Structures are given as structure tokens and as C-alpha cells.
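> Input structure: my_file_0.tsv, which contains TSV, C-alpha atoms.
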```tsv
chain	number	residue	atom	x	y	z
A	21	MET	CA	10.66	-10.30	25.66
A	22	ASN	CA	13.78	-10.18	23.53
A	23	CYS	CA	15.72	-7.07	22.50
A	24	ALA	CA	14.35	-6.92	18.95
A	25	ARG	CA	10.77	-6.94	20.18
A	26	ALA	CA	11.56	-4.45	22.92
A	27	ARG	CA	13.09	-2.00	20.42
A	28	LEU	CA	10.14	-2.38	18.08
A	29	GLU	CA	7.64	-1.61	20.83
A	30	LEU	CA	9.69	1.18	22.41
A	31	PRO	CA	7.98	4.05	20.52
A	32	LEU	CA	4.69	2.94	22.06
A	33	LEU	CA	5.92	3.18	25.62
A	34	GLY	CA	3.78	5.57	27.61
A	35	THR	CA	1.44	6.37	24.73
A	36	GLY	CA	-1.43	4.19	25.86
A	37	GLU	CA	-1.26	2.20	22.64
A	38	LEU	CA	0.45	-0.78	24.26
A	39	ASP	CA	-1.37	-3.60	25.95
A	40	PRO	CA	-0.72	-3.11	29.71
A	41	ARG	CA	0.84	-6.56	30.07
A	42	LEU	CA	3.16	-5.89	27.14
A	43	GLU	CA	4.07	-2.50	28.58
A	44	ALA	CA	4.94	-4.11	31.91
A	45	ALA	CA	7.10	-6.68	30.12
A	46	LEU	CA	8.83	-3.90	28.23
A	47	TRP	CA	9.65	-2.05	31.47
A	48	LEU	CA	11.01	-5.25	32.95
A	49	HIS	CA	13.19	-5.79	29.91
A	50	LEU	CA	14.52	-2.23	30.05
A	51	ASP	CA	15.36	-2.68	33.70
A	52	ALA	CA	17.37	-5.77	32.91
A	53	CYS	CA	18.99	-4.87	29.58
A	54	ALA	CA	21.65	-2.17	29.44
A	55	GLY	CA	21.82	-2.35	25.64
A	56	CYS	CA	18.14	-1.53	25.26
A	57	ARG	CA	18.37	1.24	27.84
A	58	ALA	CA	21.17	2.80	25.81
A	59	PHE	CA	19.04	2.35	22.69
A	60	ALA	CA	16.14	4.09	24.41
A	61	GLY	CA	18.44	7.00	25.24
A	62	GLU	CA	19.50	7.28	21.60
A	63	GLU	CA	15.88	7.20	20.58
A	64	ARG	CA	15.09	10.10	22.87
A	65	ALA	CA	18.01	12.05	21.43
A	66	LEU	CA	16.75	11.28	17.94
A	67	ASP	CA	13.29	12.51	18.93
A	68	ASP	CA	14.78	15.77	20.15
A	69	LEU	CA	16.68	16.19	16.92
A	70	LEU	CA	13.69	15.37	14.73
A	71	ALA	CA	11.65	17.95	16.61
A	72	ARG	CA	13.93	20.61	15.19
A	73	TRP	CA	12.39	20.39	11.75
A	74	PRO	CA	10.04	23.33	11.62
A	75	THR	CA	7.44	23.97	8.97
A	76	VAL	CA	7.19	27.25	7.17
A	77	GLY	CA	3.40	27.37	7.27
A	78	ALA	CA	0.96	28.89	4.84
A	79	ARG	CA	2.26	31.63	2.57
A	80	ARG	CA	-1.19	32.77	1.54
A	81	ASP	CA	-4.66	32.40	2.97
A	82	ILE	CA	-6.47	29.65	1.12
A	83	SER	CA	-9.59	29.76	3.30
A	84	ARG	CA	-11.60	31.99	0.96
A	85	GLU	CA	-11.14	29.72	-2.07
A	86	VAL	CA	-11.64	26.52	-0.10
A	87	LEU	CA	-14.76	27.65	1.72
A	88	ALA	CA	-16.30	29.21	-1.39
A	89	ALA	CA	-15.81	25.95	-3.29
A	90	ALA	CA	-17.12	23.95	-0.34
A	91	GLY	CA	-20.24	26.11	-0.30
A	92	GLU	CA	-20.75	25.59	-4.02
A	93	ALA	CA	-20.29	21.85	-3.67
A	94	ALA	CA	-22.78	21.76	-0.82
A	95	ARG	CA	-25.35	23.74	-2.80
A	96	ALA	CA	-24.79	21.54	-5.85
A	97	GLY	CA	-25.19	18.44	-3.75
A	98	ALA	CA	-28.34	19.42	-1.88
A	99	ALA	CA	-30.49	22.21	-3.29
A	100	PRO	CA	-30.72	21.35	-7.01
A	101	ARG	CA	-31.80	17.83	-6.22
A	102	ALA	CA	-35.07	19.12	-4.80
A	103	LEU	CA	-35.64	21.87	-7.33
A	104	SER	CA	-34.68	20.20	-10.61
A	105	LEU	CA	-37.61	20.29	-13.04
A	106	ARG	CA	-36.08	17.54	-15.13
A	107	ARG	CA	-35.84	15.23	-12.11
A	108	ALA	CA	-39.47	15.83	-11.21
A	109	VAL	CA	-40.99	15.64	-14.69
A	110	GLY	CA	-38.63	13.12	-16.29
A	111	PRO	CA	-40.27	9.92	-15.02
A	112	LEU	CA	-43.70	11.22	-16.01
A	113	LEU	CA	-42.51	11.97	-19.52
A	114	ALA	CA	-40.97	8.51	-19.83
A	115	ALA	CA	-44.21	6.83	-18.69
A	116	ALA	CA	-46.24	8.91	-21.17
A	117	ALA	CA	-43.90	7.92	-24.00
A	118	VAL	CA	-44.31	4.22	-23.22
A	119	LEU	CA	-48.10	4.50	-23.14
A	120	ALA	CA	-48.12	6.40	-26.42
A	121	ALA	CA	-45.97	3.73	-28.06
A	122	PHE	CA	-48.38	0.99	-26.99
A	123	ALA	CA	-51.37	3.03	-28.22
A	124	LEU	CA	-49.81	3.54	-31.65
A	125	LEU	CA	-48.62	-0.06	-32.03
A	126	PRO	CA	-51.54	-1.29	-34.25
A	127	PHE	CA	-50.98	1.56	-36.69
A	128	LEU	CA	-47.26	0.95	-36.92
A	129	ARG	CA	-47.44	-2.73	-38.04
A	130	PRO	CA	-46.24	-3.20	-41.67
A	131	ALA	CA	-48.70	-4.34	-44.38
A	132	PRO	CA	-48.58	-8.11	-45.16
A	133	SER	CA	-46.18	-9.02	-47.96
A	134	ALA	CA	-47.08	-10.95	-51.14
A	135	GLY	CA	-45.70	-14.16	-49.64
A	136	GLU	CA	-47.78	-13.71	-46.55
A	137	ARG	CA	-50.77	-13.27	-48.84
A	138	GLY	CA	-49.99	-16.67	-50.50
A	139	GLU	CA	-48.89	-15.34	-53.92
A	140	VAL	CA	-45.96	-16.93	-55.88
A	141	THR	CA	-43.46	-14.47	-57.29
A	142	THR	CA	-40.24	-14.54	-59.26
A	143	ALA	CA	-38.59	-11.95	-57.17
A	144	SER	CA	-34.84	-11.78	-56.93
A	145	VAL	CA	-33.21	-14.39	-54.70
A	146	GLU	CA	-30.31	-13.52	-52.50
A	147	VAL	CA	-27.62	-16.18	-52.68
A	148	GLU	CA	-24.81	-16.40	-50.20
A	149	THR	CA	-21.59	-16.74	-52.11
A	150	ASP	CA	-18.15	-15.29	-52.00
A	151	SER	CA	-17.02	-16.66	-55.35
A	152	VAL	CA	-19.69	-15.34	-57.67
A	153	PRO	CA	-19.21	-11.78	-58.88
A	154	ILE	CA	-21.87	-9.35	-57.91
A	155	GLY	CA	-24.63	-9.10	-60.50
A	156	SER	CA	-23.84	-12.40	-62.33
A	157	ASP	CA	-26.92	-14.03	-63.67
A	158	LEU	CA	-26.26	-17.82	-63.87
A	159	THR	CA	-29.68	-19.29	-63.56
A	160	GLY	CA	-31.92	-16.46	-64.42
A	161	LEU	CA	-31.94	-15.40	-60.82
A	162	THR	CA	-30.51	-12.14	-59.63
A	163	ILE	CA	-27.54	-12.83	-57.42
A	164	ALA	CA	-26.33	-10.49	-54.78
A	165	ALA	CA	-23.01	-11.08	-53.05
A	166	ARG	CA	-23.20	-10.82	-49.33
A	167	ASP	CA	-20.91	-8.51	-47.49
A	168	PRO	CA	-19.06	-10.89	-45.13
A	169	PHE	CA	-18.67	-8.11	-42.58
A	170	ARG	CA	-22.35	-7.26	-42.51
A	171	ARG	CA	-24.55	-9.19	-40.14
B	13	MET	CA	-23.07	-5.98	-1.43
B	14	PRO	CA	-20.43	-5.75	1.34
B	15	ALA	CA	-21.75	-6.26	4.83
B	16	ARG	CA	-21.97	-3.09	6.87
B	17	PRO	CA	-20.11	-3.11	10.16
B	18	PRO	CA	-22.21	-3.61	13.24
B	19	ILE	CA	-23.67	-0.46	14.71
B	20	ASN	CA	-21.73	-0.83	17.96
B	21	GLU	CA	-18.49	-0.59	15.94
B	22	ALA	CA	-19.68	2.69	14.45
B	23	VAL	CA	-20.56	3.96	17.90
B	24	ARG	CA	-17.13	2.96	19.16
B	25	VAL	CA	-15.50	4.95	16.35
B	26	LEU	CA	-17.74	7.88	17.13
B	27	GLY	CA	-16.45	7.63	20.67
B	28	ARG	CA	-12.90	8.11	19.35
B	29	MET	CA	-13.92	11.28	17.52
B	30	PRO	CA	-14.44	14.61	19.27
B	31	PRO	CA	-18.20	15.14	19.62
B	32	GLU	CA	-18.10	18.63	18.15
B	33	GLU	CA	-16.37	17.18	15.08
B	34	VAL	CA	-19.21	14.71	14.58
B	35	ARG	CA	-21.65	17.63	14.72
B	36	TRP	CA	-19.62	19.66	12.23
B	37	ILE	CA	-19.47	16.76	9.81
B	38	LEU	CA	-23.20	16.16	9.98
B	39	ARG	CA	-23.91	19.86	9.54
B	40	ALA	CA	-21.42	20.17	6.68
B	41	GLN	CA	-23.03	17.18	5.01
B	42	ALA	CA	-26.29	19.12	5.17
B	43	GLY	CA	-24.59	22.06	3.47
B	44	ASP	CA	-23.81	24.26	6.48
B	45	ALA	CA	-21.00	26.63	5.45
B	46	GLU	CA	-20.06	27.41	9.05
B	47	ALA	CA	-19.45	23.71	9.72
B	48	PHE	CA	-17.07	23.56	6.76
B	49	ARG	CA	-15.23	26.51	8.25
B	50	GLU	CA	-14.90	24.78	11.62
B	51	LEU	CA	-13.49	21.64	10.02
B	52	PHE	CA	-11.14	23.67	7.88
B	53	GLU	CA	-9.86	25.65	10.85
B	54	ARG	CA	-9.27	22.52	12.88
B	55	TYR	CA	-7.28	20.74	10.20
B	56	ARG	CA	-5.66	23.45	8.12
B	57	THR	CA	-2.40	23.49	10.12
B	58	PRO	CA	-1.79	19.74	10.32
B	59	VAL	CA	-2.79	19.24	6.69
B	60	TYR	CA	-0.51	22.02	5.59
B	61	ALA	CA	2.37	20.76	7.71
B	62	THR	CA	2.00	17.20	6.42
B	63	ILE	CA	1.99	18.31	2.80
B	64	GLU	CA	4.95	20.56	3.41
B	65	ARG	CA	6.91	17.75	5.04
B	66	MET	CA	5.94	15.22	2.40
B	67	VAL	CA	6.60	17.20	-0.77
B	68	GLY	CA	7.46	20.75	0.26
B	69	GLY	CA	11.18	20.11	-0.07
B	70	TRP	CA	10.75	19.71	-3.82
B	71	TYR	CA	7.91	22.18	-4.34
B	72	PRO	CA	8.14	24.83	-1.62
B	73	ASN	CA	6.15	27.34	-3.64
B	74	ASP	CA	3.29	24.98	-4.40
B	75	VAL	CA	2.34	23.88	-0.91
B	76	ASP	CA	-0.49	26.42	-0.68
B	77	ASP	CA	-1.98	25.15	-3.92
B	78	PHE	CA	-1.57	21.54	-2.83
B	79	ALA	CA	-3.31	22.21	0.49
B	80	GLN	CA	-6.12	24.01	-1.31
B	81	ASP	CA	-6.57	21.08	-3.70
B	82	VAL	CA	-6.68	18.60	-0.84
B	83	PHE	CA	-9.34	20.54	1.06
B	84	LEU	CA	-11.42	20.93	-2.08
B	85	LYS	CA	-11.28	17.19	-2.65
B	86	VAL	CA	-12.13	16.47	0.96
B	87	PHE	CA	-15.07	18.85	1.09
B	88	ARG	CA	-16.46	17.63	-2.22
B	89	ALA	CA	-16.26	14.08	-0.94
B	90	LEU	CA	-17.65	14.93	2.50
B	91	PRO	CA	-21.24	13.93	1.64
B	92	ARG	CA	-19.88	10.41	1.12
B	93	PHE	CA	-18.18	10.24	4.52
B	94	ASP	CA	-19.91	7.38	6.27
B	95	PHE	CA	-19.69	7.00	10.05
B	96	ALA	CA	-20.64	3.35	9.72
B	97	ARG	CA	-17.35	2.62	7.97
B	98	ARG	CA	-15.52	2.75	11.29
B	99	THR	CA	-13.06	5.36	10.05
B	100	LYS	CA	-12.29	8.48	12.01
B	101	PHE	CA	-12.64	11.72	10.11
B	102	SER	CA	-9.00	12.61	10.74
B	103	THR	CA	-7.89	9.25	9.33
B	104	TRP	CA	-10.11	9.74	6.30
B	105	LEU	CA	-8.73	13.24	5.81
B	106	TYR	CA	-5.11	12.13	6.07
B	107	THR	CA	-5.81	9.46	3.48
B	108	PHE	CA	-6.63	12.26	1.05
B	109	VAL	CA	-3.47	14.11	2.03
B	110	ARG	CA	-1.33	11.04	1.65
B	111	ASN	CA	-2.80	10.02	-1.70
B	112	TYR	CA	-2.50	13.56	-2.99
B	113	CYS	CA	1.17	13.74	-2.00
B	114	PHE	CA	1.88	10.44	-3.69
B	115	ASP	CA	0.13	11.71	-6.83
B	116	VAL	CA	2.29	14.80	-6.72
B	117	MET	CA	5.40	12.68	-6.36
B	118	LYS	CA	4.37	10.48	-9.27
B	119	ARG	CA	3.34	13.39	-11.47
B	120	HIS	CA	6.41	15.45	-10.81
B	121	ALA	CA	8.89	12.65	-10.25
B	122	VAL	CA	12.26	13.73	-11.50
B	123	ARG	CA	15.22	11.47	-11.92
B	124	PRO	CA	13.57	8.34	-10.50
B	125	ALA	CA	16.12	6.17	-8.85
B	126	VAL	CA	16.02	2.92	-6.98
B	127	SER	CA	18.65	2.35	-4.37
B	128	SER	CA	19.11	-0.34	-1.80
B	129	LEU	CA	18.10	2.12	0.87
B	130	ALA	CA	15.02	3.13	-1.06
B	131	ARG	CA	13.70	-0.39	-1.27
B	132	LEU	CA	11.89	-2.09	1.54
B	133	PRO	CA	12.70	-5.76	1.73
B	134	GLY	CA	9.96	-7.77	0.11
B	135	GLU	CA	7.47	-4.97	-0.30
B	136	GLU	CA	8.79	-2.19	-2.46
B	137	GLY	CA	9.60	-4.24	-5.55
B	138	ASP	CA	10.87	-2.07	-8.36
B	139	ARG	CA	8.81	0.96	-7.53
B	140	PRO	CA	10.89	4.03	-8.29
B	141	VAL	CA	11.31	6.63	-5.63
B	142	LEU	CA	12.39	10.23	-5.84
B	143	ASP	CA	16.03	10.90	-5.94
B	144	PRO	CA	17.00	11.87	-2.43
B	145	ALA	CA	19.05	14.79	-3.69
B	146	PRO	CA	17.39	18.01	-2.54
B	147	PRO	CA	16.66	20.80	-5.03
B	148	PRO	CA	19.54	23.20	-5.58
B	149	ALA	CA	17.81	26.07	-3.80
B	150	ALA	CA	17.31	24.01	-0.67
B	151	ALA	CA	20.81	22.60	-0.89
B	152	ALA	CA	22.13	26.13	-0.89
B	153	ALA	CA	20.27	26.91	2.31
B	154	ARG	CA	22.19	26.97	5.55
B	155	GLU	CA	22.88	23.59	7.07
B	156	GLU	CA	21.26	24.13	10.40
B	157	ALA	CA	19.75	21.33	12.46
B	158	GLY	CA	16.28	21.70	11.01
B	159	GLU	CA	17.65	21.58	7.52
B	160	VAL	CA	19.73	18.51	8.30
B	161	VAL	CA	16.66	16.78	9.71
B	162	ARG	CA	14.53	17.84	6.76
B	163	ARG	CA	17.03	16.41	4.31
B	164	ALA	CA	17.36	13.20	6.28
B	165	VAL	CA	13.61	12.62	6.48
B	166	GLN	CA	13.03	13.57	2.87
B	167	SER	CA	15.75	11.20	1.76
B	168	LEU	CA	13.73	8.30	3.12
B	169	PRO	CA	11.77	6.16	0.69
B	170	PRO	CA	8.19	7.48	0.48
B	171	ALA	CA	6.72	4.45	2.26
B	172	LEU	CA	8.96	5.12	5.25
B	173	ARG	CA	8.81	8.89	5.08
B	174	GLU	CA	5.04	9.01	5.31
B	175	VAL	CA	5.03	6.83	8.42
B	176	VAL	CA	7.65	9.01	10.12
B	177	ILE	CA	5.72	12.18	9.28
B	178	LEU	CA	2.38	10.82	10.42
B	179	ARG	CA	3.81	9.39	13.63
B	180	GLN	CA	6.58	11.75	14.62
B	181	TYR	CA	5.02	15.03	13.56
B	182	GLU	CA	1.29	14.38	13.50
B	183	GLY	CA	1.25	12.04	16.49
B	184	LEU	CA	-1.10	9.52	14.93
B	185	SER	CA	-1.45	6.02	16.30
B	186	PHE	CA	-0.04	3.10	14.32
B	187	ARG	CA	-3.55	1.83	13.93
B	188	ASP	CA	-4.62	5.07	12.23
B	189	ILE	CA	-1.43	5.17	10.18
B	190	GLY	CA	-2.09	1.63	9.02
B	191	GLU	CA	-5.55	2.68	7.84
B	192	ILE	CA	-4.19	5.75	6.08
B	193	VAL	CA	-1.42	3.98	4.20
B	194	GLY	CA	-3.49	0.87	3.57
B	195	SER	CA	-1.49	-1.61	5.59
B	196	GLN	CA	-1.66	-3.46	8.86
B	197	GLU	CA	-0.87	-1.75	12.14
B	198	GLY	CA	2.14	-4.05	12.56
B	199	THR	CA	3.46	-3.13	9.13
B	200	ALA	CA	3.22	0.56	9.96
B	201	LYS	CA	5.12	-0.07	13.19
B	202	ALA	CA	7.81	-2.07	11.41
B	203	ARG	CA	8.23	0.66	8.79
B	204	TYR	CA	8.57	3.26	11.50
B	205	HIS	CA	11.20	1.17	13.20
B	206	ARG	CA	13.08	0.76	9.92
B	207	ALA	CA	12.78	4.49	9.16
B	208	ARG	CA	14.17	5.43	12.53
B	209	ALA	CA	17.08	3.06	12.07
B	210	LEU	CA	17.91	4.80	8.80
B	211	LEU	CA	17.51	8.22	10.38
B	212	ARG	CA	19.75	7.25	13.30
B	213	GLU	CA	22.34	6.14	10.77
B	214	ARG	CA	22.16	9.35	8.76
B	215	LEU	CA	21.92	11.68	11.73
B	216	GLU	CA	24.38	9.79	13.90
B	217	PRO	CA	26.85	12.65	14.48
B	218	PHE	CA	24.04	14.95	15.57
B	219	VAL	CA	22.41	12.35	17.77
B	220	ARG	CA	25.71	11.44	19.37
B	221	GLU	CA	26.67	15.02	20.21
B	222	GLY	CA	23.27	15.56	21.78
B	223	ALA	CA	20.35	17.14	20.10
B	224	LEU	CA	19.85	19.47	23.03
B	225	GLY	CA	23.20	21.07	22.45
B	226	PRO	CA	23.60	24.32	20.51
B	227	SER	CA	22.17	24.31	17.01
B	228	LEU	CA	24.51	24.44	14.07
B	229	ARG	CA	23.60	28.07	13.56
B	230	ASP	CA	24.59	28.86	17.14
B	231	ARG	CA	27.84	27.02	16.71
B	232	GLU	CA	28.48	28.86	13.47
B	233	ALA	CA	27.80	32.14	15.22
B	234	GLN	CA	30.18	31.23	18.03
B	235	ALA	CA	32.84	30.26	15.52
```
Take the structure I supplied and represent it as C-alpha cells, if you would.


Amino acid sequence: MNCARARLELPLLGTGELDPRLEAALWLHLDACAGCRAFAGEERALDDLLARWPTVGARRDISREVLAAAGEAARAGAAPRALSLRRAVGPLLAAAAVLAAFALLPFLRPAPSAGERGEVTTASVEVETDSVPIGSDLTGLTIAARDPFRR
Amino acid sequence: MPARPPINEAVRVLGRMPPEEVRWILRAQAGDAEAFRELFERYRTPVYATIERMVGGWYPNDVDDFAQDVFLKVFRALPRFDFARRTKFSTWLYTFVRNYCFDVMKRHAVRPAVSSLARLPGEEGDRPVLDPAPPPAAAAAREEAGEVVRRAVQSLPPALREVVILRQYEGLSFRDIGEIVGSQEGTAKARYHRARALLRERLEPFVREGALGPSLRDREAQA
């Protein structure tokens, strides 16, 4: 083990987070290396210093708000799921609507057009053009310009 | 669909969690208010302390509100806590705390500044960090040892500060810290090492004279 590795692993010494073989190697290195032993001493001093940063702690009790909201969230997440009328009846309503649509389908079909009946007409013809002004009558046919943005 | 971890992994994680905590979580997930209270009581102090250490230097009067927000988020998300994900509850909880603190820092970031110290080689990029200057009120406070330490830790780049706080003050393992901050265990360890090097640099006079000596306040009183 070299010094860089030893110093990296040092915070794990004695915490149980190190592999036992690695921990043994680290102890061996510390025994042999005065520089790393001095480093370990500085680290301990730094730990002692860092431990002097206290926290102020809570200024007000937040438990009432937190637990009230938690209770609401729990009720919203569990109880309404079982009791919701919409959840229970919704699928039935959807199925009924589909069946009704199928039942009404024959009555909703449009009446056959003149063309479908085999009659010839002189109805207006829609011509696709961008150059002809709307309403121009060039050939006796009614021309309607097509809106290029309409599909 | 992502593959679920094997059941023995989940059992192993359950083994790392206190059994009563597992019971509280299951009961809270079923809507038991008393279980929420137990979880809250167990974690209120560490959550509060972590928030205070992360962002309390800039917003000392808002820490209560921040802690309340975090617990609300956690409890609302609790039904989604999944034991099969191999995450300990404490790790999951600290992830909320950490993300919340980073949101606070982003939302309230004042005078973003990037310095050579604030950038981790190869991983920080151009992400701005908070100016290490403490707020005027805190700067006016007496320079006792705790205050010196607070300023030194809070002057660290956020990516280093969070690792120091989670390790030094919350006593979490590097494995858990890696999960919380979204990095590998080795990365968390390397950041901690780097953070301590910076702290040693900044606190050198205090470390050299011996942290177990009289505090600055004591010395001031003696003077």
C-alpha cells in the first residue's frame, strides 16, 4: 500500500467499512510510515475541530403541520380509492356508451348521394388552383380556391 | 420494464434496516398516523441538522420551513417507497434532504461564482456555486471555533460540502453517501478526501494549535 492509498482509506479505519485484508495492510503501512502516522494525527485533530460545529436545532415545532399533512396524504392515498363512486361506476358507463353507439349505428348512416344513386349532375366542381381567383368562372364550372393550409 | 432486483437483495437491505423501522414504513404506507409519527421522531433531528448545515448559514430563519417541506415531500412519497429497490429508508430520506437543499441553493443562489477551489477536477464543469462569503449577520457573529468550522465547511463547493456533512456529522457510510448523491462509493470517498484536504488547509492554524485546547471564546475571555 502506498501513502496516497493509505490516506484515502484512513477515514474508514475502525469503522467496519474496510475489507479486513485492506485494514490489515493499512495498519502495517501506518506502522512503517512516519509521514502517514503524522497525517493520521492531523486528521484526528481535524475531527476534533470539526466536532465543534454545533447546530441550533428547531426554532419551532413542525410536528403538528407535518403529521397533519401526512395524515391527509395517507387518507387521500387509501380511503377515496375504495369509496369513489366515479371509479366504481365509470367503467360501466363507458361500456354502456359503446353498446349504445353500436345499437344506433344503422340510424346514423347518411342517406345515399345522387352520385351513389347513379344520377349525372352539373354540380359545382372544386378545382385545386392557387392562381385562379376565387369565384372565377372560366369554363362554366364554379371554381373554388383551396386554402393551402387546410387539409 | 427494468428488471427487479432479486428478492435476496431486498432481504439483505431489510437486514440493514432496523426492524421496527420496516414495520413503521409498512404501517405508514397503510395510512397509520402513529407510524408516521414514529418515523418523524426518529429522523427529525438528523434531517434538521443536515438542512441547517447545508443551507442554514444563508437562511438561518428558514430552516424550520425547509425541514417541514422535506418531511411533507417524504411522507407524500412514502407509498412509493419500495423495499425491493435495495435502498435503505434513511438513504432514501437523505436523498430528499440533499435534493431539497440543492434546490434551495439553486433557487436562492446569490452572486454565483466559480473559483478554482469551487471546481472539482473533471467533474464540476462550469456549474456555479454559492459565493463562499457568509451573510453579513453571520459574519458579525463572534469568531469562536464552531463559527470558524461552520464558515470553513460552508465555503466548500456543494459537492464536497454535502459529503462532509453526511459523513462527518451524520456518520453515513460511503456506500450510502454514494447512493444519496448519485455517484459511486469510490467517488464519494475521493470527494471526502479532497474536502478534508481543503478543510485542513483552511483550518490549519486551529488544527496545529490543537483542537482540544481552549476555544476562541475561552481565550478571548482570558485575554

> Could you please determine the separation between atom CA of A:Ala71 and atom CA of B:Arg173 in Å, to one decimal place?

14.9 Å

> Around stretch 64-69 of chain B, with edges along x, y and z and 8 Å added on all six sides, what centre and edge lengths do you get, in Å to one decimal, as lines of an AutoDock Vina configuration file?


```
center_x = 8.1
center_y = 18.0
center_z = 2.1
size_x = 22.2
size_y = 21.5
size_z = 21.8
```

> When you get a sec, could you note down which chain B residues fall within 8 Å of chain A, using all atoms listed in the file, as a CSV table (one decimal) with C-alpha atoms, in the coordinates of the input?


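Result written to result_37.csv:
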```
chain,number,residue,atom,x,y,z
B,40,ALA,CA,-21.4,20.2,6.7
B,41,GLN,CA,-23.0,17.2,5.0
B,42,ALA,CA,-26.3,19.1,5.2
B,43,GLY,CA,-24.6,22.1,3.5
B,44,ASP,CA,-23.8,24.3,6.5
B,45,ALA,CA,-21.0,26.6,5.4
B,48,PHE,CA,-17.1,23.6,6.8
B,49,ARG,CA,-15.2,26.5,8.2
B,52,PHE,CA,-11.1,23.7,7.9
B,57,THR,CA,-2.4,23.5,10.1
B,60,TYR,CA,-0.5,22.0,5.6
B,61,ALA,CA,2.4,20.8,7.7
B,64,GLU,CA,5.0,20.6,3.4
B,65,ARG,CA,6.9,17.8,5.0
B,75,VAL,CA,2.3,23.9,-0.9
B,76,ASP,CA,-0.5,26.4,-0.7
B,80,GLN,CA,-6.1,24.0,-1.3
B,83,PHE,CA,-9.3,20.5,1.1
B,84,LEU,CA,-11.4,20.9,-2.1
B,87,PHE,CA,-15.1,18.8,1.1
B,88,ARG,CA,-16.5,17.6,-2.2
B,157,ALA,CA,19.8,21.3,12.5
B,158,GLY,CA,16.3,21.7,11.0
B,159,GLU,CA,17.6,21.6,7.5
B,161,VAL,CA,16.7,16.8,9.7
B,162,ARG,CA,14.5,17.8,6.8
B,180,GLN,CA,6.6,11.8,14.6
B,181,TYR,CA,5.0,15.0,13.6
B,185,SER,CA,-1.4,6.0,16.3
B,201,LYS,CA,5.1,-0.1,13.2
B,202,ALA,CA,7.8,-2.1,11.4
B,205,HIS,CA,11.2,1.2,13.2
B,212,ARG,CA,19.8,7.2,13.3
B,218,PHE,CA,24.0,15.0,15.6
B,219,VAL,CA,22.4,12.4,17.8
B,220,ARG,CA,25.7,11.4,19.4
B,222,GLY,CA,23.3,15.6,21.8
B,223,ALA,CA,20.4,17.1,20.1
B,224,LEU,CA,19.8,19.5,23.0
```

> As an exercise, work out the distance from atom CA of A:Leu33 to atom CA of A:Leu50 in Å and give it to one decimal place.

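Interatomic distance here is 11.1 Å.
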
> Between atom CA of B:Ala89 and atom CA of B:Arg54, what is the spacing in Å?

17.6 Å

> Fewer than 4 positions away in the same chain doesn't count, so skip those; otherwise give me all residues within 7 Å of B:Glu174, counting all atoms listed in the file, as a PyMOL selection string.

chain B and resi 66+170+178

> Which residue is closest to B:Glu197? Choose from B:Asn111, B:Val175, B:Trp104, B:Glu32 and count all atoms listed in the file.

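Using all atoms listed in the file, the shortest distance to B:Glu197 belongs to B:Val175.
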
> From the list A:Leu125, A:Leu38, A:Ala26, A:Leu48, which residue is nearest A:Ala60 when using all atoms listed in the file?

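The answer is A:Ala26, which sits nearest to A:Ala60.
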
> Which residue gives the smallest distance to B:Thr107 among B:Arg56, B:Val86, B:Gly68, B:Val176, with all atoms listed in the file counted?

B:Val86

> In terms of the shortest atom-to-atom distance over all atoms listed in the file, which of B:Arg208, B:Phe114, B:Pro217, B:Ala171 is closest to B:Ser195?

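Going through B:Arg208, B:Phe114, B:Pro217, B:Ala171 one by one, the smallest distance to B:Ser195 is for B:Ala171.
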